$ cat coords_14.txt   # compact mmCIF, C-alpha atoms and all ligand atoms
# COMPACT_ATOMS: atom_id res chain seq x y z
CA MET A 1 63.50 94.44 90.97
CA THR A 2 65.93 91.60 91.69
CA VAL A 3 69.29 91.67 89.90
CA THR A 4 71.47 88.57 89.47
CA ALA A 5 74.99 88.76 88.05
CA ILE A 6 76.08 85.87 85.84
CA ILE A 7 79.87 85.77 85.66
CA VAL A 8 81.15 83.54 82.88
CA ALA A 9 84.51 82.00 83.71
CA ALA A 10 84.60 78.66 81.91
CA GLY A 11 87.09 79.68 79.20
CA ARG A 12 90.63 78.34 78.94
CA GLY A 13 92.47 81.62 78.44
CA THR A 14 94.54 80.24 75.59
CA ARG A 15 95.69 83.68 74.40
CA VAL A 16 97.19 84.50 77.79
CA GLY A 17 98.66 81.04 78.35
CA GLY A 18 100.35 80.09 81.62
CA ASP A 19 100.05 77.18 84.00
CA ARG A 20 96.41 77.95 84.85
CA PRO A 21 93.57 79.74 83.03
CA LYS A 22 93.89 83.55 83.16
CA GLN A 23 90.93 84.00 85.52
CA TYR A 24 92.87 82.09 88.20
CA GLN A 25 96.15 83.94 87.71
CA PRO A 26 97.05 86.60 90.32
CA LEU A 27 96.33 90.28 89.83
CA GLY A 28 97.51 92.56 92.64
CA GLY A 29 97.84 89.59 95.00
CA ARG A 30 94.39 88.14 94.34
CA ALA A 31 93.07 85.82 91.60
CA VAL A 32 91.40 87.72 88.73
CA LEU A 33 88.10 85.90 89.24
CA GLY A 34 88.11 86.57 93.01
CA ARG A 35 88.29 90.29 92.21
CA THR A 36 85.51 90.08 89.61
CA VAL A 37 83.14 88.20 91.91
CA ALA A 38 83.94 90.48 94.87
CA GLY A 39 83.15 93.55 92.72
CA PHE A 40 79.60 92.35 92.09
CA ALA A 41 79.11 90.96 95.62
CA ALA A 42 79.92 94.40 97.04
CA HIS A 43 77.30 96.13 94.90
CA PRO A 44 74.18 96.90 96.93
CA ARG A 45 71.78 96.42 93.98
CA VAL A 46 73.12 92.99 92.98
CA THR A 47 71.23 90.38 94.98
CA GLY A 48 72.28 87.09 93.34
CA LEU A 49 75.57 85.71 91.99
CA VAL A 50 75.95 82.86 89.52
CA VAL A 51 79.46 81.89 88.45
CA VAL A 52 79.88 79.64 85.40
CA LEU A 53 82.93 77.40 85.74
CA HIS A 54 84.83 74.89 83.66
CA PRO A 55 84.23 71.40 85.13
CA ASP A 56 87.99 71.01 85.79
CA ASP A 57 88.30 74.22 87.82
CA ALA A 58 86.53 73.49 91.15
CA ASP A 59 89.78 73.57 93.16
CA LEU A 60 91.07 76.68 91.41
CA PHE A 61 87.75 78.42 92.08
CA ALA A 62 87.83 77.46 95.77
CA GLU A 63 91.36 78.91 95.95
CA ALA A 64 90.28 82.11 94.17
CA MET A 65 87.41 82.60 96.63
CA ALA A 66 89.43 81.86 99.79
CA GLY A 67 88.77 84.53 102.40
CA LEU A 68 85.67 85.83 100.58
CA ASP A 69 82.64 84.71 102.51
CA LEU A 70 80.13 85.00 99.65
CA ALA A 71 76.94 83.17 98.73
CA VAL A 72 77.59 82.11 95.13
CA THR A 73 75.79 79.58 92.91
CA THR A 74 78.16 77.76 90.57
CA VAL A 75 77.22 75.92 87.40
CA PRO A 76 79.32 74.08 84.77
CA GLY A 77 79.85 75.99 81.54
CA GLY A 78 79.94 74.90 77.92
CA ALA A 79 82.44 74.76 75.08
CA THR A 80 81.65 78.31 73.88
CA ARG A 81 80.95 81.57 75.69
CA ASP A 82 77.29 81.60 74.65
CA ALA A 83 76.84 77.99 75.85
CA SER A 84 78.30 79.11 79.20
CA VAL A 85 75.91 82.06 79.36
CA ALA A 86 72.97 79.75 78.59
CA ALA A 87 74.06 77.50 81.48
CA GLY A 88 74.22 80.55 83.76
CA LEU A 89 70.74 81.68 82.69
CA GLY A 90 69.44 78.27 83.72
CA ALA A 91 70.83 78.69 87.24
CA VAL A 92 69.63 82.17 88.25
CA PRO A 93 67.62 82.22 91.49
CA SER A 94 63.83 82.35 91.09
CA GLY A 95 62.43 85.83 91.44
CA THR A 96 65.27 87.38 89.40
CA THR A 97 63.92 90.05 87.07
CA ARG A 98 67.20 91.42 85.63
CA VAL A 99 70.51 89.75 84.80
CA LEU A 100 73.94 91.28 84.31
CA ILE A 101 76.12 89.00 82.17
CA HIS A 102 79.80 89.67 82.77
CA ASP A 103 83.16 88.23 81.73
CA GLY A 104 85.08 86.72 84.64
CA ALA A 105 88.12 88.14 82.84
CA ARG A 106 87.03 91.77 83.47
CA PRO A 107 88.07 92.20 87.12
CA LEU A 108 88.10 96.00 87.28
CA VAL A 109 84.41 96.72 86.73
CA SER A 110 83.28 99.70 88.81
CA ALA A 111 80.12 100.12 90.88
CA ALA A 112 79.23 103.21 88.84
CA LEU A 113 79.33 101.22 85.59
CA ILE A 114 77.11 98.50 87.09
CA ASP A 115 74.67 101.24 88.17
CA ARG A 116 74.54 102.72 84.66
CA VAL A 117 73.58 99.34 83.18
CA ILE A 118 70.94 98.60 85.85
CA ASP A 119 69.42 102.08 85.49
CA ALA A 120 69.11 101.74 81.70
CA LEU A 121 67.11 98.53 82.14
CA ASP A 122 64.22 100.62 83.51
CA THR A 123 63.59 101.90 79.99
CA HIS A 124 65.12 99.20 77.75
CA PRO A 125 64.99 95.38 77.72
CA GLY A 126 68.77 95.34 77.23
CA ALA A 127 71.66 97.70 78.05
CA ALA A 128 75.42 97.39 77.63
CA PRO A 129 78.50 99.54 78.21
CA ALA A 130 80.66 100.57 75.29
CA LEU A 131 83.27 103.13 74.32
CA ALA A 132 83.10 105.07 71.08
CA VAL A 133 86.02 104.34 68.78
CA THR A 134 88.21 107.45 68.70
CA ASP A 135 91.23 106.32 66.66
CA ALA A 136 91.09 106.42 62.87
CA LEU A 137 90.33 102.99 61.40
CA TRP A 138 91.82 101.21 58.39
CA ARG A 139 91.29 97.98 56.68
CA GLY A 140 94.55 96.21 56.04
CA ALA A 141 96.10 92.93 54.97
CA ALA A 142 99.59 91.43 54.81
CA GLY A 143 101.06 94.35 56.77
CA ARG A 144 99.67 97.00 54.39
CA VAL A 145 96.89 99.54 54.72
CA LEU A 146 94.20 98.81 52.17
CA ALA A 147 91.76 101.62 52.87
CA PRO A 148 90.45 103.94 55.60
CA HIS A 149 87.31 102.76 57.34
CA PRO A 150 84.75 105.23 58.75
CA ARG A 151 84.71 105.16 62.54
CA ASP A 152 81.39 107.01 62.94
CA GLY A 153 78.94 105.01 64.98
CA LEU A 154 81.48 102.34 65.95
CA PHE A 155 81.84 101.21 69.58
CA ARG A 156 84.05 98.87 71.58
CA ALA A 157 81.76 96.54 73.53
CA GLN A 158 82.22 95.75 77.21
CA THR A 159 80.39 93.82 79.90
CA PRO A 160 78.30 93.61 82.09
CA GLN A 161 75.56 93.39 79.51
CA GLY A 162 72.20 93.68 81.25
CA PHE A 163 68.83 92.28 80.26
CA ARG A 164 65.34 91.66 81.49
CA ILE A 165 65.48 87.98 82.31
CA GLU A 166 62.65 86.59 80.17
CA ALA A 167 63.76 88.55 77.11
CA ILE A 168 67.36 87.27 77.16
CA ARG A 169 66.31 83.70 78.01
CA ALA A 170 64.07 83.63 74.95
CA ALA A 171 66.79 85.24 72.81
CA HIS A 172 69.37 82.62 73.82
CA ALA A 173 66.92 79.77 73.29
CA ALA A 174 66.29 81.00 69.74
CA HIS A 175 69.94 81.69 68.83
CA PRO A 176 71.91 79.21 66.68
CA GLY A 177 75.15 79.86 68.64
CA GLY A 178 78.51 81.44 67.81
CA ALA A 179 77.73 84.96 69.10
CA ALA A 180 80.63 87.07 70.40
CA ASP A 181 78.49 88.48 73.20
CA ASP A 182 74.95 88.67 74.54
CA VAL A 183 74.11 91.89 72.76
CA GLU A 184 74.57 89.99 69.49
CA VAL A 185 72.13 87.35 70.78
CA ALA A 186 69.67 90.04 71.90
CA LEU A 187 69.81 91.90 68.57
CA ALA A 188 69.16 88.66 66.68
CA ALA A 189 65.93 88.38 68.70
CA GLY A 190 64.97 91.98 67.86
CA LEU A 191 65.59 93.38 71.37
CA ASP A 192 66.26 97.06 71.85
CA VAL A 193 69.67 97.45 73.56
CA ALA A 194 70.75 100.79 75.05
CA ILE A 195 74.40 101.84 75.02
CA VAL A 196 75.68 103.21 78.33
CA GLU A 197 79.08 104.84 78.86
CA GLY A 198 81.82 102.22 79.24
CA ASP A 199 85.02 102.59 81.20
CA GLU A 200 88.60 102.37 79.85
CA ASP A 201 89.65 100.68 83.10
CA ASN A 202 87.07 97.91 82.63
CA LEU A 203 89.50 96.04 80.43
CA LYS A 204 89.27 92.37 79.56
CA ILE A 205 92.36 90.33 80.33
CA THR A 206 92.87 88.85 76.87
CA HIS A 207 96.65 88.76 76.34
CA ALA A 208 99.49 88.37 78.84
CA GLN A 209 100.41 92.08 78.63
CA ASP A 210 96.92 93.04 79.88
CA PHE A 211 97.98 91.98 83.39
CA ALA A 212 100.53 94.82 83.52
CA ARG A 213 97.86 97.34 82.44
CA ALA A 214 95.38 96.04 85.01
CA GLU A 215 98.07 96.22 87.73
CA ARG A 216 98.62 99.89 86.84
CA VAL A 217 94.90 100.63 87.15
CA LEU A 218 94.78 98.85 90.52
CA ARG A 219 97.79 100.78 91.81
CA GLU A 220 96.11 104.08 90.88
CA ARG A 221 92.85 103.02 92.52
CA ASP A 222 94.46 101.84 95.72
CA MET A 223 96.78 104.82 96.14
CA ASP A 224 95.86 106.78 99.25
CA ILE A 225 97.37 109.84 100.93
CA ARG A 226 96.35 110.75 104.47
CA THR A 227 97.21 113.56 106.86
CA GLY A 228 96.80 113.53 110.63
CA ASN A 229 97.47 116.08 113.31
CA GLY A 230 98.39 115.69 116.94
CA PHE A 231 98.47 118.14 119.84
CA ASP A 232 99.74 117.61 123.39
CA VAL A 233 100.57 119.63 126.50
CA HIS A 234 102.52 118.70 129.63
CA ALA A 235 102.98 120.91 132.70
CA PHE A 236 106.36 121.55 134.29
CA CYS A 237 107.20 120.14 137.71
CA GLU A 238 110.36 120.10 139.78
CA GLY A 239 113.30 118.40 138.15
CA ASP A 240 116.54 118.75 136.25
CA GLY A 241 115.56 118.16 132.64
CA VAL A 242 112.86 117.21 130.14
CA ILE A 243 112.64 114.36 127.64
CA LEU A 244 111.73 115.62 124.20
CA CYS A 245 111.68 113.34 121.12
CA GLY A 246 113.58 110.73 123.12
CA ILE A 247 116.42 113.14 124.01
CA LYS A 248 117.12 114.23 127.60
CA VAL A 249 117.40 118.04 127.52
CA PRO A 250 118.94 119.67 130.61
CA HIS A 251 116.59 122.23 132.22
CA ASP A 252 115.76 123.59 135.67
CA LYS A 253 112.39 121.77 135.56
CA ALA A 254 110.96 118.42 134.42
CA LEU A 255 107.65 117.60 132.68
CA LYS A 256 104.82 116.03 134.64
CA GLY A 257 103.00 113.02 133.18
CA HIS A 258 101.89 109.44 133.66
CA SER A 259 104.58 108.28 131.20
CA ASP A 260 107.93 110.03 130.64
CA ALA A 261 105.87 113.07 129.47
CA ASP A 262 107.62 113.30 126.08
CA VAL A 263 105.20 115.87 124.73
CA GLY A 264 106.78 115.99 121.25
CA MET A 265 106.72 112.25 120.74
CA HIS A 266 103.12 112.12 121.98
CA ALA A 267 102.01 114.73 119.43
CA VAL A 268 103.65 112.82 116.56
CA THR A 269 102.18 109.52 117.79
CA ASP A 270 98.69 111.04 117.91
CA ALA A 271 99.15 112.52 114.43
CA ILE A 272 99.88 109.01 113.12
CA TYR A 273 96.80 107.56 114.83
CA GLY A 274 94.81 110.48 113.44
CA ALA A 275 95.96 109.82 109.87
CA LEU A 276 94.96 106.18 110.25
CA ALA A 277 91.63 107.17 111.88
CA ASP A 278 92.73 104.75 114.59
CA GLY A 279 91.85 106.47 117.86
CA ASP A 280 94.47 108.21 119.97
CA ILE A 281 97.30 107.50 122.36
CA GLY A 282 95.02 107.44 125.43
CA GLN A 283 92.81 104.82 123.81
CA HIS A 284 95.72 102.48 123.04
CA PHE A 285 97.62 103.17 126.29
CA PRO A 286 95.08 104.28 128.94
CA PRO A 287 96.62 106.58 131.60
CA SER A 288 94.58 104.63 134.16
CA ASP A 289 96.69 101.53 133.39
CA PRO A 290 99.61 101.36 135.90
CA GLN A 291 101.84 99.48 133.42
CA TRP A 292 102.42 102.74 131.47
CA LYS A 293 103.53 104.69 134.58
CA GLY A 294 106.89 106.26 133.75
CA ALA A 295 106.97 104.39 130.42
CA ALA A 296 109.38 105.56 127.73
CA SER A 297 107.21 107.09 125.03
CA ASP A 298 108.96 105.24 122.21
CA ILE A 299 106.65 102.31 123.11
CA PHE A 300 103.70 104.43 121.96
CA LEU A 301 105.44 105.73 118.86
CA LYS A 302 106.59 102.26 117.78
CA HIS A 303 103.05 100.93 118.24
CA ALA A 304 101.63 103.66 115.97
CA VAL A 305 104.40 103.09 113.38
CA GLY A 306 103.59 99.36 113.43
CA ARG A 307 99.93 100.12 112.68
CA VAL A 308 101.05 102.19 109.67
CA ALA A 309 102.90 99.19 108.19
CA GLU A 310 100.07 96.75 109.01
CA ARG A 311 97.67 98.92 107.02
CA GLY A 312 100.02 99.06 104.00
CA TYR A 313 101.04 102.73 104.44
CA ARG A 314 104.42 104.37 104.83
CA ILE A 315 105.27 107.61 106.60
CA ALA A 316 106.02 110.21 103.96
CA HIS A 317 106.65 113.10 106.35
CA ALA A 318 106.25 114.30 109.92
CA ASP A 319 106.49 117.91 111.09
CA LEU A 320 106.67 118.73 114.79
CA THR A 321 106.52 122.17 116.42
CA LEU A 322 107.37 122.52 120.11
CA ILE A 323 105.98 125.63 121.80
CA CYS A 324 107.98 126.84 124.80
CA GLU A 325 110.15 129.73 126.00
CA ARG A 326 112.72 127.36 127.52
CA PRO A 327 114.60 125.08 127.19
CA LYS A 328 115.99 126.29 123.89
CA ILE A 329 115.24 123.64 121.24
CA GLY A 330 117.54 124.84 118.41
CA PRO A 331 120.75 123.30 119.80
CA VAL A 332 119.11 119.86 120.26
CA ALA A 333 116.71 119.80 117.30
CA GLY A 334 119.19 117.82 115.15
CA ALA A 335 119.55 115.10 117.77
CA MET A 336 115.75 114.98 118.16
CA ARG A 337 115.23 114.58 114.42
CA ALA A 338 117.81 111.80 114.24
CA GLU A 339 116.21 109.91 117.14
CA MET A 340 112.69 110.30 115.74
CA ALA A 341 113.86 109.16 112.29
CA ARG A 342 115.50 106.09 113.86
CA LEU A 343 112.41 105.18 115.88
CA MET A 344 110.06 105.72 112.94
CA GLY A 345 112.29 103.90 110.44
CA ILE A 346 112.33 106.84 108.00
CA GLU A 347 115.01 108.97 106.37
CA LEU A 348 116.15 112.11 108.18
CA ASP A 349 114.73 114.41 105.52
CA ARG A 350 111.24 113.08 106.22
CA ILE A 351 111.11 114.47 109.77
CA SER A 352 111.18 118.07 110.87
CA VAL A 353 111.51 119.28 114.48
CA LYS A 354 111.21 122.99 115.08
CA ALA A 355 110.19 125.30 117.90
CA THR A 356 108.60 128.63 118.61
CA THR A 357 107.85 130.71 121.67
CA SER A 358 104.42 132.16 122.35
CA GLU A 359 105.92 135.60 122.94
CA GLN A 360 105.58 135.16 126.71
CA LEU A 361 101.81 134.87 126.34
CA GLY A 362 99.63 132.13 127.80
CA PHE A 363 100.75 129.09 129.80
CA THR A 364 103.75 128.41 127.59
CA GLY A 365 104.73 132.09 127.82
CA ARG A 366 104.53 131.91 131.61
CA GLU A 367 106.73 128.78 131.45
CA GLU A 368 104.12 126.59 133.07
CA GLY A 369 104.51 123.81 130.51
CA ILE A 370 105.32 122.82 126.92
CA ALA A 371 102.86 122.35 124.06
CA ALA A 372 103.51 120.35 120.89
CA LEU A 373 101.80 120.29 117.53
CA ALA A 374 102.47 117.65 114.85
CA THR A 375 101.36 116.86 111.31
CA VAL A 376 102.03 113.49 109.72
CA THR A 377 101.48 112.42 106.11
CA LEU A 378 100.96 108.75 105.26
CA VAL A 379 101.04 107.29 101.76
CA ARG A 380 99.81 103.94 100.53
CA PRO A 381 101.57 103.43 97.21
N1 LIG B 401 83.53 78.37 76.78
C1 LIG B 401 83.69 79.54 77.36
C2 LIG B 401 84.51 80.53 76.79
C3 LIG B 401 84.67 81.74 77.46
N2 LIG B 401 84.05 81.92 78.64
C4 LIG B 401 84.28 83.16 79.40
O1 LIG B 401 83.96 84.27 78.61
C5 LIG B 401 84.76 85.40 78.99
C6 LIG B 401 85.34 86.13 77.79
O2 LIG B 401 86.02 85.21 76.96
P1 LIG B 401 87.55 85.27 76.55
O3 LIG B 401 88.21 86.49 77.00
O4 LIG B 401 87.61 84.95 75.10
O5 LIG B 401 88.14 84.07 77.43
P2 LIG B 401 88.78 82.70 77.00
O6 LIG B 401 87.86 81.96 76.10
O7 LIG B 401 89.13 82.04 78.28
O8 LIG B 401 90.10 83.18 76.27
P3 LIG B 401 90.84 82.56 75.01
O9 LIG B 401 89.93 82.83 73.84
O10 LIG B 401 92.12 83.28 74.93
O11 LIG B 401 91.01 81.08 75.27
C7 LIG B 401 85.87 84.85 79.89
O12 LIG B 401 85.62 85.27 81.23
C8 LIG B 401 85.75 83.36 79.74
O13 LIG B 401 86.11 82.61 80.89
C9 LIG B 401 83.22 80.94 79.17
O14 LIG B 401 82.67 81.12 80.25
N3 LIG B 401 83.06 79.78 78.51
C1 LIG B 402 81.83 89.81 75.59
C2 LIG B 402 83.07 90.58 75.22
O1 LIG B 402 83.86 90.78 76.35
C3 LIG B 402 82.67 91.94 74.72
O2 LIG B 402 83.77 92.74 74.49
C4 LIG B 402 83.86 89.86 74.14
O3 LIG B 402 83.13 89.81 73.00
C5 LIG B 402 84.25 88.43 74.56
O4 LIG B 402 85.59 88.12 74.34
P1 LIG B 402 86.35 87.80 72.95
O5 LIG B 402 87.75 88.31 73.16
O6 LIG B 402 85.66 88.51 71.85
O7 LIG B 402 86.36 86.32 72.77
$ encode --input "coords_14.txt" --output "C-alpha cells" --more "lines below"
Ligand SMILES: Nc1ccn([C@@H]2O[C@H](COP(=O)(O)OP(=O)(O)OP(=O)(O)O)[C@@H](O)[C@H]2O)c(=O)n1
Ligand SMILES: C[C@](O)(CO)[C@H](O)COP(=O)(O)O
Amino acid sequence: MTVTAIIVAAGRGTRVGGDRPKQYQPLGGRAVLGRTVAGFAAHPRVTGLVVVLHPDDADLFAEAMAGLDLAVTTVPGGATRDASVAAGLGAVPSGTTRVLIHDGARPLVSAALIDRVIDALDTHPGAAPALAVTDALWRGAAGRVLAPHPRDGLFRAQTPQGFRIEAIRAAHAAHPGGAADDVEVALAAGLDVAIVEGDEDNLKITHAQDFARAERVLRERDMDIRTGNGFDVHAFCEGDGVILCGIKVPHDKALKGHSDADVGMHAVTDAIYGALADGDIGQHFPPSDPQWKGAASDIFLKHAVGRVAERGYRIAHADLTLICERPKIGPVAGAMRAEMARLMGIELDRISVKATTSEQLGFTGREEGIAALATVTLVRP
C-alpha cells in the first residue's frame, strides 16, 4: 500500500486577511503550511507528498519550506477547493494506492489521526475524521432563535480525508463542482465513507483568532519538564581549604582533582547534562586534556547552563546535598547558594544547597573525601 498526501494550499485566506495568505503566516515561529507539510513528511506510512499551490505563491512556499529538506511535488491549484484537489489528484506519483486529502490550513494534525484514517481504508473506500456535535443546536435568523435543531447524528468534518485512489479520481471526474469537501464528492459517487475519531486540536485556521488557539495548542504540545541527577566524589589531600560551589571554605585539607575539585558544582553540572540527556562533564571536558588542569569549575557549569538555553529550556530548580563530616557547610551555605544562582542566572529561591554527614560511616565518615548529590529540573515552556 502506497499512501500519498495531497495538501491543498491554493486558497487566498480572505477570512483571515493579512499581508499574505493565512497558510504563509507564522504560527509558533514557522509558516502554517511548513508545519502542515512537515507533519505528513514525518509520518512513516506517508510515502508521497503533493502540495497544491496558488500560481502566485512560489516564493512564499519556498520561504515556508526553508530548512525542511523534503521531497515534495507541487502543482498549481484552481479557483475552488475541489478544483485544487482535482489538480492534486492528477499529480500523485504512480503506484499510489491511497490518498489523504488535507487542508494546508490545518497545521496541527497528529500522527495518530493520520493512522486512524489510513487504517480505516483497509475496510472502506473512503474514511474521514469528524467530531460529534455536542452543543445543542438552533436554527436562527436576524439575531433570534427560530427553533431547536436535533443534533443526533451530526458531525463536524475534518481532514485528512482518505480514499482509495481510483475511487476518488472517478468521483471527482463525475462531480459537477462546488463541494465543501471530498467526502461530499465521494458520497455523490455512492462511495462508502467511514467516520474515524477527529481531534479538537486539528483545527482549521479560518479566522484571525484561530491563530491564538493554535498557538495555545502548540505551547501545550511543546511543553517539556525534565529532571537530571548528578553525583560526584573527590578525595581529600593536603591543603588549607576546599572550593565548594565556587566559595573557598577554610579547612585543614584540600580536595584532590584534575580541576579545582569543586565537587558540589560538578554534581550540579552533571545533573544539568543528565536532564538534557547530553552526556556528562567528563565527556565535555576530558580529564586527559591538560587545558582543564586546575580549571575553575564555573567553566563547566556555564557550559551546561548555555546548553540549557540553546535547547529552549530554563532551569526551574536545583537541589544540592553535600555529604561530609567537615568542613561544616551550614555557615557558608548561603554564600554558596548566592554564587550558584549568579553563575546559573537564576533566582536565589531556585537553588538549594544543604549538607548531611554519613554518621561517621564510610569514606565520608572517615573524612577521606566529600561526596555530592544534585537534582536539577528543567522546563521548556
Ligand atoms: N481554490 C482553493 C481554495 C481553497 N484551497 C485550500 O483549501 C483549504 C481549506 O479552505 P479554506 O479554509 O476555505 O481556505 P481559503 O479558501 O484560503 O479561505 P477563505 O475562504 O477565507 O478565503 C485551505 O488550505 C485552502 O488553501 C485551495 O487549495 N484552493
Ligand atoms: C474540508 C473542510 O476543512 C472540512 O471541514 C472544510 O469543508 C473546508 O473549508 P471551508 O471553511 O468549509 O471553506
$ residues_near_point --input "coords_14.txt" --point "(89.0, 94.4, 87.9)" --cutoff "7 Å" --atoms "all atoms listed in the file" --output "number ranges by chain"
A: 35-36, 106-109, 202
$ closest_atom_pairs --input "coords_14.txt" --of "chain A" --to "ligand LIG 402 (chain B)" --cutoff "10 Å" --atoms "all atoms listed in the file" --output "JSON lines"
{"residue": "A:Val8", "atom": "CA", "partner": "B:LIG402", "partner_atom": "C1", "distance": 9.6}
{"residue": "A:Gly11", "atom": "CA", "partner": "B:LIG402", "partner_atom": "O7", "distance": 9.3}
{"residue": "A:Gly13", "atom": "CA", "partner": "B:LIG402", "partner_atom": "O7", "distance": 9.6}
{"residue": "A:Arg15", "atom": "CA", "partner": "B:LIG402", "partner_atom": "O5", "distance": 9.3}
{"residue": "A:Thr80", "atom": "CA", "partner": "B:LIG402", "partner_atom": "O7", "distance": 9.4}
{"residue": "A:Arg81", "atom": "CA", "partner": "B:LIG402", "partner_atom": "C5", "distance": 7.7}
{"residue": "A:Asp82", "atom": "CA", "partner": "B:LIG402", "partner_atom": "C1", "distance": 9.4}
{"residue": "A:Ile101", "atom": "CA", "partner": "B:LIG402", "partner_atom": "C1", "distance": 8.7}
{"residue": "A:His102", "atom": "CA", "partner": "B:LIG402", "partner_atom": "C1", "distance": 7.5}
{"residue": "A:Asp103", "atom": "CA", "partner": "B:LIG402", "partner_atom": "O1", "distance": 6.0}
{"residue": "A:Gly104", "atom": "CA", "partner": "B:LIG402", "partner_atom": "O1", "distance": 9.3}
{"residue": "A:Ala105", "atom": "CA", "partner": "B:LIG402", "partner_atom": "O1", "distance": 8.2}
{"residue": "A:Arg106", "atom": "CA", "partner": "B:LIG402", "partner_atom": "O1", "distance": 7.9}
{"residue": "A:Ala128", "atom": "CA", "partner": "B:LIG402", "partner_atom": "C3", "distance": 9.5}
{"residue": "A:Pro129", "atom": "CA", "partner": "B:LIG402", "partner_atom": "C3", "distance": 9.3}
{"residue": "A:Ala130", "atom": "CA", "partner": "B:LIG402", "partner_atom": "O2", "distance": 8.5}
{"residue": "A:Phe155", "atom": "CA", "partner": "B:LIG402", "partner_atom": "O2", "distance": 10.0}
{"residue": "A:Arg156", "atom": "CA", "partner": "B:LIG402", "partner_atom": "O2", "distance": 6.8}
{"residue": "A:Ala157", "atom": "CA", "partner": "B:LIG402", "partner_atom": "O2", "distance": 4.4}
{"residue": "A:Gln158", "atom": "CA", "partner": "B:LIG402", "partner_atom": "O2", "distance": 4.3}
{"residue": "A:Thr159", "atom": "CA", "partner": "B:LIG402", "partner_atom": "O1", "distance": 5.8}
{"residue": "A:Pro160", "atom": "CA", "partner": "B:LIG402", "partner_atom": "C1", "distance": 8.3}
{"residue": "A:Gln161", "atom": "CA", "partner": "B:LIG402", "partner_atom": "C1", "distance": 8.2}
{"residue": "A:Ala179", "atom": "CA", "partner": "B:LIG402", "partner_atom": "O3", "distance": 8.2}
{"residue": "A:Ala180", "atom": "CA", "partner": "B:LIG402", "partner_atom": "O3", "distance": 4.5}
{"residue": "A:Asp181", "atom": "CA", "partner": "B:LIG402", "partner_atom": "C1", "distance": 4.3}
{"residue": "A:Asp182", "atom": "CA", "partner": "B:LIG402", "partner_atom": "C1", "distance": 7.1}
{"residue": "A:Val183", "atom": "CA", "partner": "B:LIG402", "partner_atom": "C1", "distance": 8.5}
{"residue": "A:Glu184", "atom": "CA", "partner": "B:LIG402", "partner_atom": "O3", "distance": 9.3}
{"residue": "A:Leu203", "atom": "CA", "partner": "B:LIG402", "partner_atom": "O1", "distance": 8.7}
{"residue": "A:Lys204", "atom": "CA", "partner": "B:LIG402", "partner_atom": "O1", "distance": 6.5}
{"residue": "A:Ile205", "atom": "CA", "partner": "B:LIG402", "partner_atom": "O5", "distance": 8.8}
{"residue": "A:Thr206", "atom": "CA", "partner": "B:LIG402", "partner_atom": "O5", "distance": 6.3}
{"residue": "A:His207", "atom": "CA", "partner": "B:LIG402", "partner_atom": "O5", "distance": 9.5}
$ residues_near_point --input "coords_14.txt" --point "(103.3, 120.0, 127.1)" --cutoff "6 Å" --atoms "all atoms listed in the file" --output "PyMOL selection string"
chain A and resi 232-235+263+369-371
$ closest_residue --input "coords_14.txt" --among "A:Gly279, A:Gly48, A:Pro250, A:Pro331" --to "Ser94 of chain A" --atoms "all atoms listed in the file"
A:Gly48
$ residues_around --input "coords_14.txt" --residues "Ile272 of chain A" --least-positions-apart "6" --cutoff "8 Å" --atoms "only C-alpha atoms" --output "number ranges by chain"
A: 228-230, 304-305, 308, 376-378
$ write_last_selection --input "coords_14.txt" --atoms "C-alpha atoms" --output "mmCIF file, in the coordinates of the input"
data_model
loop_
_atom_site.group_PDB
_atom_site.id
_atom_site.type_symbol
_atom_site.label_atom_id
_atom_site.label_comp_id
_atom_site.auth_asym_id
_atom_site.auth_seq_id
_atom_site.Cartn_x
_atom_site.Cartn_y
_atom_site.Cartn_z
ATOM 1 C CA GLY A 228 96.800 113.530 110.630
ATOM 2 C CA ASN A 229 97.470 116.080 113.310
ATOM 3 C CA GLY A 230 98.390 115.690 116.940
ATOM 4 C CA ALA A 304 101.630 103.660 115.970
ATOM 5 C CA VAL A 305 104.400 103.090 113.380
ATOM 6 C CA VAL A 308 101.050 102.190 109.670
ATOM 7 C CA VAL A 376 102.030 113.490 109.720
ATOM 8 C CA THR A 377 101.480 112.420 106.110
ATOM 9 C CA LEU A 378 100.960 108.750 105.260
#
$ atom_distance --input "coords_14.txt" --atom1 "atom CA of Val46 of chain A" --atom2 "atom CA of Val117 of chain A"
11.7 Å
$ closest_residue --input "coords_14.txt" --among "A:Pro148, A:Gly67, A:Gly18, A:Gly77" --to "ligand LIG 401 (chain B)" --atoms "only C-alpha atoms and all ligand atoms"
A:Gly77
$ atom_distance --input "coords_14.txt" --atom1 "atom CA of Pro21 of chain A" --atom2 "atom CA of Asp69 of chain A"
22.9 Å
$ residues_around --input "coords_14.txt" --residues "segment 294-302 of chain A" --least-positions-apart "4" --cutoff "12 Å" --atoms "all atoms listed in the file" --output "PyMOL selection string"
chain A and resi 243-248+255-273+280-287+289-290+306-309+339-345
$ atom_distance --input "coords_14.txt" --atom1 "atom CA of Ala66 of chain A" --atom2 "atom CA of Glu310 of chain A"
20.5 Å
$ closest_residue --input "coords_14.txt" --among "A:Gly78, A:Pro26, A:Gly34, A:Gly90" --to "ligand LIG 401 (chain B)" --atoms "only C-alpha atoms and all ligand atoms"
A:Gly78
